[in-house]
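Raw final22.cif, mmCIF, C-alpha atoms and all ligand atoms:
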data_final
loop_
_atom_site.label_atom_id
_atom_site.label_comp_id
_atom_site.auth_asym_id
_atom_site.auth_seq_id
_atom_site.Cartn_x
_atom_site.Cartn_y
_atom_site.Cartn_z
CA MET A 1 3.87 -13.52 49.77
CA ASN A 2 1.55 -16.43 49.13
CA PHE A 3 2.49 -17.98 45.80
CA ASN A 4 -0.75 -19.93 45.59
CA MET A 5 -2.90 -16.84 45.32
CA SER A 6 -4.02 -15.60 41.93
CA ILE A 7 -3.62 -12.03 40.70
CA THR A 8 -7.31 -11.50 41.41
CA GLU A 9 -6.96 -12.74 44.98
CA GLN A 10 -3.78 -10.78 45.70
CA LEU A 11 -5.31 -7.63 44.30
CA SER A 12 -8.46 -7.85 46.37
CA LYS A 13 -6.44 -8.64 49.48
CA ILE A 14 -4.25 -5.56 49.01
CA LYS A 15 -7.21 -3.35 48.17
CA SER A 16 -8.97 -4.42 51.34
CA GLU A 17 -5.91 -3.28 53.31
CA LEU A 18 -5.57 0.15 51.70
CA PRO A 19 -7.22 3.15 53.34
CA GLU A 20 -9.65 4.99 51.09
CA HIS A 21 -7.33 7.96 50.51
CA VAL A 22 -4.54 5.74 49.15
CA SER A 23 -4.57 4.85 45.46
CA LEU A 24 -2.99 1.76 44.03
CA VAL A 25 -0.64 1.66 41.07
CA ALA A 26 -0.40 -1.95 39.88
CA VAL A 27 3.21 -2.23 38.73
CA SER A 28 3.07 -4.52 35.72
CA LYS A 29 6.58 -4.11 34.27
CA THR A 30 7.86 -7.27 32.52
CA LYS A 31 4.44 -8.94 32.87
CA PRO A 32 2.41 -10.17 29.87
CA LYS A 33 -0.77 -8.39 28.88
CA GLU A 34 -2.90 -11.35 30.03
CA ASP A 35 -1.82 -10.60 33.59
CA LEU A 36 -2.78 -6.95 33.24
CA LEU A 37 -6.15 -7.97 31.79
CA GLU A 38 -6.85 -10.19 34.76
CA ALA A 39 -6.31 -7.22 37.05
CA TYR A 40 -8.30 -4.97 34.71
CA ASN A 41 -11.23 -7.36 34.76
CA VAL A 42 -11.56 -7.01 38.50
CA GLY A 43 -11.53 -3.24 38.29
CA GLN A 44 -7.89 -2.16 38.36
CA ARG A 45 -7.37 0.86 36.11
CA ILE A 46 -3.98 2.30 37.09
CA PHE A 47 -0.92 0.45 35.84
CA GLY A 48 2.72 1.39 36.33
CA GLU A 49 5.54 0.63 33.92
CA ASN A 50 9.20 1.60 34.04
CA LYS A 51 10.15 1.28 30.36
CA ILE A 52 8.55 3.62 27.86
CA GLN A 53 8.69 1.18 24.94
CA GLU A 54 6.96 -1.53 26.96
CA MET A 55 4.31 0.90 28.18
CA VAL A 56 3.62 2.08 24.61
CA GLU A 57 3.13 -1.49 23.40
CA LYS A 58 0.79 -2.37 26.26
CA HIS A 59 -1.14 0.85 25.78
CA GLN A 60 -1.74 -0.10 22.16
CA GLN A 61 -2.93 -3.60 23.05
CA LEU A 62 -5.06 -3.00 26.13
CA PRO A 63 -8.33 -1.17 26.90
CA LYS A 64 -8.20 2.57 26.43
CA ASP A 65 -9.55 3.53 29.84
CA ILE A 66 -6.38 2.33 31.56
CA GLN A 67 -4.37 5.10 33.21
CA TRP A 68 -0.70 4.57 32.45
CA HIS A 69 1.84 5.73 35.01
CA MET A 70 5.51 5.98 34.11
CA ILE A 71 7.31 5.08 37.32
CA GLY A 72 10.84 4.55 35.99
CA HIS A 73 13.72 6.84 35.16
CA VAL A 74 12.80 8.82 32.05
CA GLN A 75 15.18 9.62 29.24
CA ARG A 76 14.36 12.93 27.64
CA ASN A 77 14.53 11.68 24.06
CA LYS A 78 11.79 9.12 24.79
CA VAL A 79 9.16 11.46 26.24
CA LYS A 80 7.64 11.92 22.78
CA TYR A 81 6.56 8.28 22.62
CA MET A 82 4.29 8.51 25.66
CA ALA A 83 3.20 12.15 25.55
CA SER A 84 -0.11 11.42 23.85
CA PHE A 85 -1.42 9.11 26.55
CA VAL A 86 0.64 8.95 29.76
CA SER A 87 -1.46 9.79 32.80
CA LEU A 88 1.20 10.50 35.44
CA ILE A 89 5.01 10.64 35.27
CA HIS A 90 6.40 9.80 38.71
CA GLY A 91 10.14 10.21 38.30
CA VAL A 92 10.78 13.79 37.17
CA ASP A 93 14.25 14.50 38.50
CA ASN A 94 15.56 17.42 36.48
CA PHE A 95 14.41 20.67 34.91
CA LYS A 96 15.43 19.73 31.37
CA LEU A 97 13.18 16.68 31.52
CA LEU A 98 10.28 18.80 32.74
CA LYS A 99 10.80 21.21 29.84
CA GLU A 100 10.74 18.32 27.40
CA ILE A 101 7.51 16.96 28.90
CA ASN A 102 5.96 20.43 28.66
CA LYS A 103 7.01 20.74 25.02
CA GLU A 104 5.67 17.32 24.03
CA ALA A 105 2.44 17.82 25.99
CA LYS A 106 1.87 21.05 24.10
CA LYS A 107 2.14 19.23 20.76
CA HIS A 108 -0.72 16.99 21.88
CA ASP A 109 -2.68 19.83 23.39
CA ARG A 110 -2.52 18.13 26.79
CA ILE A 111 -1.54 18.99 30.33
CA ILE A 112 0.58 16.15 31.71
CA ASP A 113 0.60 15.46 35.44
CA CYS A 114 4.04 14.92 36.95
CA LEU A 115 5.63 14.15 40.30
CA PHE A 116 9.02 15.40 41.36
CA GLN A 117 11.27 12.60 42.58
CA LEU A 118 12.96 13.45 45.84
CA LYS A 119 16.14 11.59 46.64
CA ILE A 120 15.59 10.03 50.04
CA ALA A 121 17.70 6.85 49.82
CA GLN A 122 21.31 6.77 50.82
CA GLU A 123 22.12 4.57 47.85
CA ASP A 124 23.88 6.35 44.98
CA SER A 125 21.97 4.24 42.51
CA LYS A 126 18.65 5.93 43.25
CA PHE A 127 17.63 9.02 41.31
CA GLY A 128 16.02 12.18 42.59
CA MET A 129 16.45 15.82 43.49
CA THR A 130 17.08 17.59 46.76
CA GLU A 131 14.43 19.80 48.34
CA GLN A 132 16.54 22.82 47.33
CA GLU A 133 16.63 21.76 43.70
CA ILE A 134 12.87 21.31 43.68
CA GLY A 135 12.41 24.68 45.37
CA SER A 136 14.50 26.47 42.79
CA ILE A 137 12.52 24.91 39.95
CA ILE A 138 9.12 25.85 41.31
CA ASN A 139 10.22 29.39 42.10
CA SER A 140 11.62 30.05 38.66
CA ASP A 141 9.84 32.20 36.06
CA GLU A 142 10.44 29.56 33.47
CA PHE A 143 8.48 27.03 35.52
CA SER A 144 5.49 29.30 35.95
CA GLU A 145 5.33 29.69 32.17
CA MET A 146 5.09 25.94 31.58
CA THR A 147 1.41 25.72 30.84
CA ASN A 148 1.32 22.08 29.72
CA ILE A 149 2.53 20.39 32.87
CA ASN A 150 0.93 20.14 36.28
CA VAL A 151 3.17 19.00 39.12
CA VAL A 152 0.83 17.20 41.49
CA GLY A 153 3.20 15.94 44.15
CA LEU A 154 6.28 13.99 45.07
CA MET A 155 7.63 10.48 44.64
CA GLY A 156 10.43 8.72 46.43
CA MET A 157 12.05 5.35 46.86
CA ALA A 158 13.54 4.21 50.13
CA THR A 159 16.85 2.42 50.42
CA PHE A 160 16.69 -1.30 49.69
CA THR A 161 17.30 -2.57 53.22
CA ASP A 162 15.73 -4.62 56.00
CA ASN A 163 16.32 -1.78 58.43
CA GLN A 164 12.77 -0.57 59.15
CA ASN A 165 14.00 2.45 61.08
CA GLN A 166 16.02 3.69 58.14
CA ILE A 167 13.10 3.22 55.75
CA LYS A 168 10.84 5.04 58.18
CA GLU A 169 13.26 7.97 58.42
CA GLU A 170 13.45 8.22 54.65
CA PHE A 171 9.67 8.14 54.24
CA SER A 172 9.30 10.73 56.99
CA LEU A 173 11.74 13.01 55.18
CA LEU A 174 9.65 12.67 52.03
CA LYS A 175 6.46 13.46 53.95
CA SER A 176 7.91 16.52 55.67
CA THR A 177 9.28 17.87 52.39
CA PHE A 178 5.85 17.31 50.88
CA ASN A 179 4.25 19.28 53.73
CA THR A 180 6.69 22.14 53.24
CA LEU A 181 6.03 22.29 49.52
CA MET A 182 2.23 22.11 50.01
CA SER A 183 2.35 25.71 51.18
CA GLN A 184 3.85 26.83 47.87
CA LYS A 185 0.87 25.98 45.68
CA HIS A 186 0.52 27.97 42.48
CA SER A 187 -0.83 27.63 38.95
CA ASN A 188 1.00 24.52 37.77
CA PHE A 189 2.22 23.31 41.14
CA ASN A 190 -0.59 21.59 43.05
CA PRO A 191 0.89 19.03 45.40
CA LYS A 192 -1.66 16.48 46.60
CA VAL A 193 -0.09 13.13 45.67
CA LEU A 194 2.63 11.49 47.73
CA SER A 195 3.82 8.40 45.85
CA MET A 196 5.73 6.15 48.21
CA GLY A 197 5.68 2.48 49.14
CA MET A 198 6.23 -0.74 47.20
CA SER A 199 5.51 -4.42 47.94
CA GLY A 200 7.99 -4.64 50.78
CA ASP A 201 7.27 -1.37 52.53
CA PHE A 202 3.84 -0.04 51.60
CA GLU A 203 2.28 -0.50 55.06
CA LEU A 204 5.05 1.60 56.56
CA ALA A 205 4.74 4.14 53.75
CA ILE A 206 1.03 4.54 54.47
CA GLU A 207 1.75 5.05 58.17
CA CYS A 208 4.16 7.78 57.10
CA GLY A 209 1.59 9.58 54.94
CA SER A 210 1.65 7.98 51.50
CA THR A 211 -1.37 8.63 49.26
CA MET A 212 -0.25 6.39 46.38
CA VAL A 213 1.48 3.02 46.56
CA ARG A 214 3.23 1.27 43.67
CA ILE A 215 2.89 -2.48 44.08
CA GLY A 216 4.22 -5.04 41.64
CA SER A 217 5.49 -8.40 42.84
CA THR A 218 2.86 -8.87 45.55
CA ILE A 219 0.14 -8.64 42.90
CA PHE A 220 1.75 -10.25 39.86
CA GLY A 221 4.40 -12.50 41.39
CA SER A 222 8.15 -12.06 41.23
CA ARG A 223 9.78 -10.80 38.07
CA ASN A 224 12.37 -12.66 36.02
CA TYR A 225 14.67 -9.93 34.93
CA THR A 226 16.40 -10.53 31.67
CA LYS A 227 17.19 -6.90 30.92
C1 LIG A 301 9.35 -2.05 40.28
C2 LIG A 301 8.96 -0.82 40.99
C3 LIG A 301 7.97 -0.84 41.98
C4 LIG A 301 7.26 -2.09 42.44
O1 LIG A 301 8.14 -2.94 43.11
P1 LIG A 301 7.59 -4.25 43.90
O2 LIG A 301 8.62 -4.46 44.94
O3 LIG A 301 7.54 -5.33 42.89
O4 LIG A 301 6.28 -3.94 44.45
C5 LIG A 301 7.61 0.37 42.57
N1 LIG A 301 8.19 1.53 42.22
C6 LIG A 301 9.14 1.58 41.28
C7 LIG A 301 9.74 2.89 40.94
C8 LIG A 301 9.58 0.41 40.63
O5 LIG A 301 10.52 0.49 39.69
#
Have the structure of the file written as structure tokens, please.
Amino acid sequence: MNFNMSITEQLSKIKSELPEHVSLVAVSKTKPKEDLLEAYNVGQRIFGENKIQEMVEKHQQLPKDIQWHMIGHVQRNKVKYMASFVSLIHGVDNFKLLKEINKEAKKHDRIIDCLFQLKIAQEDSKFGMTEQEIGSIINSDEFSEMTNINVVGLMGMATFTDNQNQIKEEFSLLKSTFNTLMSQKHSNFNPKVLSMGMSGDFELAIECGSTMVRIGSTIFGSRNYTK
């Protein structure tokens, strides 16, 4: 990464590299609202956050046409705070969470778009479901009765490693699972989004079929984690 480039420059460089069918989530977690506004002012509208509280605060302070994506692990008891405005929830990794999202969406008379998170990394620390778990959810009667959610695809995170072959295998697994599930379309299951790829691996993710990349540090600079 070139540390001398501004947010505006990094953003336009990345956008020029993305194929037209790939959308960009600007991952702004831990960054101040001035940074988000700089990106907003050159046309960026999709921002990704991984903490609900932080996303709620930024949503209150920033322009209302921003689409807020929750990309982090979601605790069920916090869904209510974002249900009125969240645009896409990437990390749905259990049925109980999906039920909670459906319930809260109903209260706001909304249909909330979600992605199922598939576990592709070998690391234990990464969340996600197996293909079987996802299959049993979408084939259940209870799922078909959830009228306030729309599952629009899958999300996954590769292992944090320099081994390009391993990352490629994990992305390929995600893509092939996505292809399998595509054939199971029904009322509230409409897979079209494949969210994979971050700063370090988005080119590879796109080669492997990604339609949505989540890029943070390459746009906004590295994060100083205090929490
Ligand atoms: C932080 C984060 C990203 C962005 O990571 P960068 O390496 O900074 O691009 C993408 N996806 C998820 C789920 C994240 O938590």
Go through chain A residue by residue and, counting all atoms listed in the file, keep those with an atom at most 7 Å from ligand LIG 301 (chain A); for each kept residue give the shortest atom pair and its distance in Å to one decimal, ordered by chain and increasing number, as CSV.
residue,atom,partner,partner_atom,distance
A:Val27,CA,A:LIG301,C4,5.5
A:Lys29,CA,A:LIG301,C1,6.9
A:Asn50,CA,A:LIG301,O5,5.9
A:Ile71,CA,A:LIG301,C7,4.9
A:Gly72,CA,A:LIG301,C7,5.3
A:Met157,CA,A:LIG301,C7,6.8
A:Met198,CA,A:LIG301,O4,4.2
A:Ser199,CA,A:LIG301,O4,3.6
A:Gly200,CA,A:LIG301,O2,5.9
A:Arg214,CA,A:LIG301,C5,4.6
A:Ile215,CA,A:LIG301,O4,3.7
A:Gly216,CA,A:LIG301,O3,3.6
A:Ser217,CA,A:LIG301,O3,3.7
A:Thr218,CA,A:LIG301,O4,6.1
A:Ser222,CA,A:LIG301,O3,7.0
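Among the candidates A:Gln184, A:Asn102, A:Ser12, A:Gln166, the residue lying nearest to Ile120 (chain A) is A:Gln166 (atoms considered: only C-alpha atoms).
Note that CA of Glu207 (chain A) and CA of Asn150 (chain A) are 26.6 Å apart.
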Q.
Please report the interatomic distance between CA of Ile167 (chain A) and CA of Ser23 (chain A) in Å with one decimal.
A. 20.5 Å
Q: May I have the residues within 10 Å of Met196 (chain A) as a ChimeraX atom specification, using all atoms listed in the file and disregarding those fewer than 6 positions away in the same chain?
A: /A:154-158,171,174-175,202,204-206,208-215
Please define a box with edges along x, y and z of the file around all atoms of region 159-170 of chain A given in the file, extend it by 6 Å on each side, and return its centre and edge lengths in Å to one decimal, as AutoDock Vina command-line options.
--center_x 14.1 --center_y 1.8 --center_z 55.4 --size_x 18.5 --size_y 24.8 --size_z 23.4
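Closest approach to Ile66 (chain A) from the set A:Leu194, A:Leu36, A:Ile52, A:Val79 is made by A:Leu36, with distances taken over all atoms listed in the file.
Across A:Leu118, A:Leu11, A:Ile46, A:Ile137, the tightest approach to Ser176 (chain A) is made by A:Leu118 when counting all atoms listed in the file.
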Q.
Neighbouring residues of Gln61 (chain A) were defined as those with any atom within 12 Å, considering only C-alpha atoms; residues of the same chain fewer than 5 positions away were excluded. Please report them as JSON, numbers by chain.
A. {"A": [32, 33, 34, 36, 37, 54, 55, 56, 66]}
Q: Extract, using all atoms listed in the file, all DNA, RNA and protein residues at most 8 Å from Leu88 (chain A), discarding same-chain residues fewer than 5 positions from it, and format them as a ChimeraX atom specification.
A: /A:68-70,112-115
